[in-house]
Structure formats: C-alpha cells, structure tokens
$ cat entry-v4.txt   # compact mmCIF, C-alpha atoms
# COMPACT_ATOMS: atom_id res chain seq x y z
CA MET U 6 12.81 13.13 -1.79
CA THR U 7 14.94 16.04 -0.64
CA ALA U 8 14.29 16.83 3.01
CA ARG U 9 13.49 20.46 3.82
CA VAL U 10 14.82 21.61 7.18
CA GLY U 11 13.69 24.94 8.60
CA VAL U 12 16.00 27.18 10.62
CA ILE U 13 14.23 29.84 12.66
CA THR U 14 15.86 33.25 12.98
CA PHE U 15 15.09 35.25 16.12
CA PRO U 16 16.30 38.77 16.91
CA GLY U 17 19.79 38.08 18.25
CA SER U 18 20.34 34.73 16.50
CA LEU U 19 24.00 34.27 15.58
CA ASP U 20 24.29 30.77 14.18
CA ASP U 21 21.28 30.51 11.91
CA GLY U 22 23.44 30.90 8.80
CA ASP U 23 25.83 28.21 10.02
CA ALA U 24 22.91 25.88 10.67
CA ARG U 25 21.56 26.41 7.16
CA ARG U 26 25.01 25.70 5.71
CA ALA U 27 25.30 22.50 7.77
CA ILE U 28 21.92 21.34 6.49
CA ARG U 29 22.98 22.00 2.89
CA ILE U 30 26.27 20.12 3.37
CA ALA U 31 24.34 17.18 4.84
CA GLY U 32 22.24 16.97 1.69
CA ALA U 33 18.97 18.66 2.64
CA GLU U 34 17.37 21.94 1.62
CA PRO U 35 17.63 24.63 4.30
CA VAL U 36 14.58 26.87 4.68
CA ALA U 37 14.87 30.22 6.44
CA LEU U 38 11.98 30.88 8.85
CA TRP U 39 11.20 34.04 10.85
CA HIS U 40 10.28 34.22 14.55
CA GLY U 41 7.29 36.47 13.88
CA SER U 42 5.66 34.14 11.39
CA HIS U 43 3.04 31.44 11.91
CA ASP U 44 4.10 29.56 8.76
CA LEU U 45 6.55 26.65 8.84
CA ASP U 46 6.56 26.58 5.02
CA GLY U 47 5.97 22.84 4.84
CA VAL U 48 9.36 21.85 6.30
CA ASP U 49 10.13 18.32 7.41
CA ALA U 50 12.32 19.20 10.41
CA LEU U 51 13.25 22.26 12.45
CA VAL U 52 16.41 23.76 13.97
CA LEU U 53 16.35 26.43 16.67
CA PRO U 54 19.85 27.94 16.39
CA GLY U 55 22.29 29.44 18.84
CA GLY U 56 22.75 33.08 19.70
CA PHE U 57 21.28 35.54 22.16
CA SER U 58 17.61 35.76 21.18
CA TYR U 59 15.98 39.00 22.33
CA GLY U 60 19.25 39.81 24.10
CA ASP U 61 18.67 36.93 26.55
CA TYR U 62 16.64 39.30 28.73
CA LEU U 63 14.78 37.75 31.69
CA ARG U 64 16.45 34.34 31.14
CA ALA U 65 18.23 32.91 28.13
CA GLY U 66 15.57 31.74 25.67
CA ALA U 67 12.66 32.88 27.87
CA ILE U 68 11.25 35.52 25.52
CA ALA U 69 11.93 33.49 22.37
CA ALA U 70 9.89 30.64 23.86
CA HIS U 71 6.84 32.89 23.46
CA ALA U 72 7.60 34.07 19.91
CA PRO U 73 4.68 33.70 17.48
CA ILE U 74 6.30 30.82 15.56
CA MET U 75 6.77 28.77 18.72
CA ALA U 76 3.07 27.85 18.69
CA GLU U 77 3.70 26.09 15.38
CA VAL U 78 6.94 24.58 16.70
CA LYS U 79 5.08 23.05 19.64
CA ASP U 80 2.36 21.64 17.40
CA ALA U 81 4.94 20.21 14.99
CA ALA U 82 6.91 18.62 17.83
CA GLU U 83 3.76 17.03 19.22
CA ARG U 84 3.05 15.57 15.77
CA GLY U 85 6.52 13.98 15.77
CA MET U 86 8.49 16.40 13.59
CA PRO U 87 12.24 16.31 14.36
CA VAL U 88 13.18 19.48 16.28
CA LEU U 89 16.75 20.33 17.30
CA GLY U 90 17.64 23.11 19.73
CA ILE U 91 21.29 24.17 19.72
CA CYS U 92 22.61 26.26 22.66
CA ASN U 93 20.14 29.18 22.77
CA GLY U 94 17.73 26.88 20.93
CA PHE U 95 18.09 24.33 23.75
CA GLN U 96 17.29 27.12 26.20
CA MET U 97 14.17 27.92 24.18
CA LEU U 98 13.04 24.29 24.24
CA VAL U 99 13.24 24.04 28.03
CA GLU U 100 11.57 27.44 28.46
CA ALA U 101 8.78 26.26 26.12
CA HIS U 102 8.48 23.01 28.14
CA LEU U 103 9.25 20.87 25.12
CA LEU U 104 12.16 19.49 27.16
CA PRO U 105 12.42 19.27 30.97
CA GLY U 106 14.78 21.07 33.31
CA GLY U 107 16.48 24.43 32.94
CA LEU U 108 19.72 26.14 31.97
CA ILE U 109 21.49 28.61 34.22
CA ARG U 110 24.66 30.72 34.31
CA ASN U 111 27.88 28.73 34.00
CA ALA U 112 29.26 27.66 37.37
CA HIS U 113 32.37 29.86 36.97
CA GLN U 114 30.26 32.86 35.86
CA GLN U 115 32.15 33.24 32.59
CA PHE U 116 31.45 32.75 28.90
CA ILE U 117 33.33 29.70 27.67
CA ARG U 118 34.45 28.62 24.22
CA ARG U 119 36.20 25.29 23.68
CA ASP U 120 36.25 22.19 21.51
CA GLN U 121 34.38 19.83 23.79
CA ARG U 122 34.53 16.06 24.01
CA LEU U 123 31.13 14.39 24.33
CA ARG U 124 29.86 10.85 24.71
CA VAL U 125 26.74 9.85 22.77
CA GLU U 126 24.43 8.30 25.34
CA ASN U 127 21.34 7.83 23.17
CA ALA U 128 21.76 6.91 19.52
CA SER U 129 18.09 6.20 18.84
CA THR U 130 16.69 9.72 18.45
CA ALA U 131 15.83 11.45 15.19
CA TRP U 132 19.04 13.50 15.53
CA THR U 133 21.49 10.84 16.72
CA SER U 134 20.78 7.65 14.75
CA ASP U 135 23.95 8.01 12.66
CA TYR U 136 26.03 7.75 15.84
CA GLU U 137 26.63 4.72 18.03
CA ALA U 138 25.81 4.63 21.72
CA GLY U 139 29.01 5.24 23.64
CA GLN U 140 30.72 6.96 20.71
CA GLU U 141 33.02 9.84 21.64
CA ILE U 142 32.84 12.97 19.50
CA VAL U 143 34.28 16.50 19.54
CA ILE U 144 31.92 19.45 19.07
CA PRO U 145 32.58 23.19 19.61
CA LEU U 146 30.98 24.71 22.70
CA LYS U 147 30.33 28.41 23.40
CA ASN U 148 27.95 29.63 26.07
CA ALA U 149 27.48 31.67 29.22
CA ASP U 150 24.24 30.06 30.44
CA GLY U 151 24.89 26.38 29.82
CA GLY U 152 24.53 24.77 33.23
CA TYR U 153 21.80 22.12 32.95
CA ILE U 154 19.68 21.71 36.08
CA ALA U 155 16.70 19.60 37.11
CA SER U 156 15.37 18.05 40.30
CA GLU U 157 16.96 14.85 41.51
CA ASP U 158 13.77 12.96 40.65
CA GLU U 159 13.78 14.42 37.13
CA LEU U 160 17.45 13.60 36.67
CA ASP U 161 16.81 10.04 37.81
CA ARG U 162 13.94 9.79 35.32
CA LEU U 163 16.09 11.10 32.46
CA GLU U 164 18.80 8.60 33.31
CA GLY U 165 16.40 5.71 33.82
CA GLU U 166 14.49 6.31 30.58
CA GLY U 167 17.63 6.85 28.48
CA LEU U 168 16.76 10.48 27.72
CA VAL U 169 20.25 11.84 28.34
CA ALA U 170 21.47 12.24 24.77
CA PHE U 171 25.00 13.55 25.35
CA ARG U 172 27.37 13.82 28.30
CA TYR U 173 30.47 15.95 28.75
CA LEU U 174 33.77 14.09 28.82
CA GLY U 175 37.13 15.19 30.19
CA VAL U 176 35.82 18.38 31.75
CA ASN U 177 32.42 19.68 32.73
CA PRO U 178 32.63 23.18 31.23
CA ASN U 179 29.61 24.80 32.85
CA GLY U 180 28.60 22.86 35.95
CA SER U 181 25.78 20.90 34.32
CA LEU U 182 24.36 18.35 36.73
CA ARG U 183 25.53 14.80 36.04
CA ASP U 184 27.68 16.16 33.17
CA ILE U 185 24.59 16.40 30.95
CA ALA U 186 25.29 18.15 27.64
CA GLY U 187 22.03 17.33 25.86
CA ILE U 188 18.72 15.56 26.33
CA ALA U 189 15.83 14.18 24.28
CA ASN U 190 12.09 13.89 24.80
CA GLU U 191 10.38 10.55 25.28
CA ARG U 192 9.46 10.21 21.63
CA GLY U 193 13.01 10.99 20.49
CA ASN U 194 12.05 13.62 17.95
CA VAL U 195 13.04 16.65 20.09
CA VAL U 196 16.69 17.01 21.09
CA GLY U 197 18.48 19.91 22.76
CA LEU U 198 22.17 20.36 23.52
CA MET U 199 24.53 23.18 24.42
CA PRO U 200 27.46 22.37 22.05
CA HIS U 201 27.24 23.45 18.40
CA PRO U 202 27.24 20.58 15.86
CA GLU U 203 26.78 23.04 12.97
CA HIS U 204 30.36 24.20 13.58
CA ALA U 205 31.78 20.71 12.95
CA VAL U 206 30.49 19.69 9.52
CA GLU U 207 33.16 20.73 7.03
CA PRO U 208 36.87 19.78 6.82
CA GLY U 209 39.07 22.81 7.33
CA PHE U 210 36.55 24.61 9.52
CA GLY U 211 35.87 22.23 12.41
CA PRO U 212 37.65 21.39 15.66
CA ASN U 213 41.27 20.31 15.72
CA MET U 214 41.55 16.53 15.60
CA PRO U 215 44.52 14.15 15.97
CA GLU U 216 44.53 13.60 12.21
CA ALA U 217 44.75 17.27 11.25
CA MET U 218 43.98 20.77 12.41
CA ARG U 219 40.39 21.96 11.84
CA SER U 220 39.44 18.58 10.40
CA GLY U 221 36.64 17.64 12.80
CA VAL U 222 33.25 16.86 11.25
CA ASP U 223 31.62 15.02 14.14
CA GLY U 224 28.60 17.33 14.00
CA LEU U 225 27.52 16.28 10.52
CA ALA U 226 25.75 13.16 11.75
CA PHE U 227 23.16 15.28 13.57
CA PHE U 228 21.85 16.51 10.26
CA THR U 229 22.23 13.27 8.29
CA SER U 230 20.35 11.50 11.09
CA ALA U 231 17.42 13.89 10.76
CA ILE U 232 17.42 13.56 6.98
CA ALA U 233 17.30 9.76 7.30
CA ALA U 234 14.45 10.03 9.81
CA VAL U 235 12.43 12.28 7.51
CA VAL U 236 13.05 10.22 4.38
CA GLY U 237 12.34 6.99 6.24
CA ALA U 238 9.03 8.36 7.56
CA ALA U 239 8.00 9.37 4.05
CA ALA U 240 8.86 6.03 2.46

$ encode --input "entry-v4.txt" --output "structure tokens"
Amino acid sequence: MTARVGVITFPGSLDDGDARRAIRIAGAEPVALWHGSHDLDGVDALVLPGGFSYGDYLRAGAIAAHAPIMAEVKDAAERGMPVLGICNGFQMLVEAHLLPGGLIRNAHQQFIRRDQRLRVENASTAWTSDYEAGQEIVIPLKNADGGYIASEDELDRLEGEGLVAFRYLGVNPNGSLRDIAGIANERGNVVGLMPHPEHAVEPGFGPNMPEAMRSGVDGLAFFTSAIAAVVGAAA
C-alpha cells in the first residue's frame, strides 16, 4: 500500500508545502487538508506544519487548536493515528492538550534560526522508529516561541516514562526546560518538536554537514518511520 499522509493548512501556515514535499520524497502520498474542514480524506497519518497560524494571536497555536478540523485530529489521535506537530504544529498539540506542557517566548526574546544538533531520546514512537536511541542528528530550527515548559512533576513524569523524544545538544536555543526539543504521548503515536525535519530531507537543500554543504537529510527518517508504522499496522 501507499501511505497517505495529510498536511493541514491553517491561515498563516508557512511550511505546509515543505511538509508535503518531504512526505513525497519519503515515498508516501501527501494529502492537502484545510483547517476549516471536518474531513480527513481517509489519510493514514497527519502533519501539523510550522508557521504562524492565525497570526499567533493570544498564544502561538492557541486559536488553531480550536479550528474545526482539530476535532477530527483529536479523534484520530485517540484512535492511534500517527500525528506529528512541527514547531507551530507542536504549539497546537499542547494547546489542544494532545501533548502536555506549554511553549513560551524564547528566553532571549528573539526569533532564532540555526541548524540544531539533537539527540534522539525515544526511538520507539511512530515518528522515530527509523532512528536509534542516543543517535545525534542535525535539524533546522526557526522559532520565536519555542521554550518548552511544564511543572517539575510533569517533567519528572516525562523523563521517567521515556516521553522526551528529542533533546537539544551543544546549545539550548530557546531556554526549554531540561533541554527538551520534542516529546511524545504515552501511546507513541503523537509527537511534537520545535525543529523542522521537513527542511532536512533532500541533498543540496538541508543543513551543512561535515561531508558537504547542504547535504543533511537527518529529517527524512521522521517520515519513513511514519510510513513504516502505517504499512505495518495495515499488514
């Protein structure tokens, strides 16, 4: 089967086209979905892309979390469908209470863009199975409201249950508590992170790597992992 992965466009989305391209490169069929719809068009997995949905009024992702299609996203996530939130999409997931915690203004109060080193902490989710636990990867990062926060008890729970999916290495770019760059839910089908894997899937267009400039494709495994999860579930 060919997996069909939906990418939801919200007013203010910037990276929905990049996400669809990444899905195509990974070998799945990208499906464009609209925030005002209640139809997921029979997709097998979902991506909530980066950008500034609804202008990031109130809080980043707060209005998008109440978009019409999010009712279907919540139902799909509860049924076990793989759902990935990237940057603004991660903000939507926490605002919709599909993931715990919150995301606030970067500690230095500035928008940041950098190629960011990460460590894969959990390689058993629907979006990380093609990585190895402890693997170091490089993924582009660009955000203004990327500081992950949660109570100490919640942070201890995330750590204790292995729900921290990615951790910043080298530098903490936004003040995220415990260097957390991304987390997963208990079931492992919902993952959110601030860096942008869809910008590291194609040689010549990814981060600079020791082997060559713009050669980084460390983000591709997000999408191949989800494809494998979908195909495996259907087998």

$ residues_around --input "entry-v4.txt" --residues "Gly41 in chain U" --least-positions-apart "4" --cutoff "8 Å" --atoms "all atoms listed in the file" --output "ChimeraX atom specification"
/U:72-74

$ closest_atom_pairs --input "entry-v4.txt" --of "range 148-208 of chain U" --to "range 219-226 of chain U" --cutoff "12 Å" --atoms "all atoms listed in the file" --output "tab-separated table"
residue	atom	partner	partner_atom	distance
U:Leu198	CA	U:Gly224	CA	11.9
U:Pro200	CA	U:Gly224	CA	9.6
U:His201	CA	U:Gly224	CA	7.7
U:Pro202	CA	U:Gly224	CA	4.0
U:Glu203	CA	U:Gly224	CA	6.1
U:His204	CA	U:Gly224	CA	7.1
U:Ala205	CA	U:Val222	CA	4.5
U:Val206	CA	U:Val222	CA	4.3
U:Glu207	CA	U:Val222	CA	5.7
U:Pro208	CA	U:Ser220	CA	4.6

$ residues_around --input "entry-v4.txt" --residues "Leu174 in chain U" --least-positions-apart "6" --cutoff "10 Å" --atoms "all atoms listed in the file" --output "list in words"
Gln121, Arg122, Leu123, Arg124, Glu141, Ile142, Val143, Asp184, Ile185 and Ala186 of chain U

$ residues_near_point --input "entry-v4.txt" --point "(12.7, 45.0, 21.5)" --cutoff "9 Å" --atoms "only C-alpha atoms" --output "PDB file with C-alpha atoms, in the frame of the given file"
ATOM      1  CA  PRO U  16      16.300  38.770  16.910  1.00  0.00           C
ATOM      2  CA  TYR U  59      15.980  39.000  22.330  1.00  0.00           C
ATOM      3  CA  GLY U  60      19.250  39.810  24.100  1.00  0.00           C
TER       4      GLY U  60
END

$ atom_distance --input "entry-v4.txt" --atom1 "CA of Ala37 in chain U" --atom2 "CA of Asn194 in chain U"
20.4 Å

$ atom_distance --input "entry-v4.txt" --atom1 "CA of Gly11 in chain U" --atom2 "CA of Leu45 in chain U"
7.3 Å

$ atom_distance --input "entry-v4.txt" --atom1 "CA of Phe15 in chain U" --atom2 "CA of Gly94 in chain U"
10.0 Å

$ closest_residue --input "entry-v4.txt" --among "U:Ala189, U:Asp23, U:Asp61, U:Val169" --to "Val99 in chain U" --atoms "only C-alpha atoms"
U:Ala189

$ closest_residue --input "entry-v4.txt" --among "U:Leu108, U:Ile154, U:Val12, U:Ala131" --to "Gly85 in chain U" --atoms "only C-alpha atoms"
U:Ala131

$ closest_residue --input "entry-v4.txt" --among "U:Pro87, U:Gly107, U:Gly209, U:Gly180" --to "Arg64 in chain U" --atoms "only C-alpha atoms"
U:Gly107

$ closest_residue --input "entry-v4.txt" --among "U:Ala233, U:Ala50, U:Ile144, U:Ala27" --to "Arg9 in chain U" --atoms "all atoms listed in the file"
U:Ala50

$ closest_residue --input "entry-v4.txt" --among "U:Ile91, U:Ala155, U:Met214, U:Ala31" --to "Leu51 in chain U" --atoms "all atoms listed in the file"
U:Ile91

$ closest_residue --input "entry-v4.txt" --among "U:Met75, U:Ala33, U:Ile109, U:Val236" --to "Thr14 in chain U" --atoms "all atoms listed in the file"
U:Met75

$ residues_around --input "entry-v4.txt" --residues "Gly56 in chain U" --least-positions-apart "2" --cutoff "9 Å" --atoms "all atoms listed in the file" --output "PDB file with C-alpha atoms, keeping the file's coordinate frame"
ATOM      1  CA  PHE U  15      15.090  35.250  16.120  1.00  0.00           C
ATOM      2  CA  GLY U  17      19.790  38.080  18.250  1.00  0.00           C
ATOM      3  CA  SER U  18      20.340  34.730  16.500  1.00  0.00           C
ATOM      4  CA  LEU U  19      24.000  34.270  15.580  1.00  0.00           C
ATOM      5  CA  ASP U  20      24.290  30.770  14.180  1.00  0.00           C
ATOM      6  CA  ASP U  21      21.280  30.510  11.910  1.00  0.00           C
ATOM      7  CA  PRO U  54      19.850  27.940  16.390  1.00  0.00           C
ATOM      8  CA  SER U  58      17.610  35.760  21.180  1.00  0.00           C
ATOM      9  CA  GLY U  60      19.250  39.810  24.100  1.00  0.00           C
ATOM     10  CA  ASP U  61      18.670  36.930  26.550  1.00  0.00           C
ATOM     11  CA  CYS U  92      22.610  26.260  22.660  1.00  0.00           C
ATOM     12  CA  ASN U  93      20.140  29.180  22.770  1.00  0.00           C
ATOM     13  CA  GLY U  94      17.730  26.880  20.930  1.00  0.00           C
ATOM     14  CA  ASN U 148      27.950  29.630  26.070  1.00  0.00           C
TER      15      ASN U 148
END

$ residues_around --input "entry-v4.txt" --residues "Leu182 in chain U" --least-positions-apart "6" --cutoff "12 Å" --atoms "all atoms listed in the file" --output "JSON, numbers by chain"
{"U": [106, 107, 108, 109, 111, 112, 151, 152, 153, 154, 155, 156, 157, 159, 160, 161, 163, 164, 169, 172, 173]}

$ residues_around --input "entry-v4.txt" --residues "Tyr136 in chain U" --least-positions-apart "4" --cutoff "10 Å" --atoms "only C-alpha atoms" --output "number ranges by chain"
U: 125-130, 132, 140-142, 223, 226-227, 230

$ write_last_selection --input "entry-v4.txt" --atoms "C-alpha atoms" --output "PDB file, keeping the file's coordinate frame"
ATOM      1  CA  VAL U 125      26.740   9.850  22.770  1.00  0.00           C
ATOM      2  CA  GLU U 126      24.430   8.300  25.340  1.00  0.00           C
ATOM      3  CA  ASN U 127      21.340   7.830  23.170  1.00  0.00           C
ATOM      4  CA  ALA U 128      21.760   6.910  19.520  1.00  0.00           C
ATOM      5  CA  SER U 129      18.090   6.200  18.840  1.00  0.00           C
ATOM      6  CA  THR U 130      16.690   9.720  18.450  1.00  0.00           C
ATOM      7  CA  TRP U 132      19.040  13.500  15.530  1.00  0.00           C
ATOM      8  CA  GLN U 140      30.720   6.960  20.710  1.00  0.00           C
ATOM      9  CA  GLU U 141      33.020   9.840  21.640  1.00  0.00           C
ATOM     10  CA  ILE U 142      32.840  12.970  19.500  1.00  0.00           C
ATOM     11  CA  ASP U 223      31.620  15.020  14.140  1.00  0.00           C
ATOM     12  CA  ALA U 226      25.750  13.160  11.750  1.00  0.00           C
ATOM     13  CA  PHE U 227      23.160  15.280  13.570  1.00  0.00           C
ATOM     14  CA  SER U 230      20.350  11.500  11.090  1.00  0.00           C
TER      15      SER U 230
END

$ axis_aligned_box --input "entry-v4.txt" --around "range 152-171 of chain U" --padding-each-side "5 Å" --output "lines of an AutoDock Vina configuration file"
center_x = 19.4
center_y = 15.2
center_z = 33.1
size_x = 21.2
size_y = 29.1
size_z = 26.7
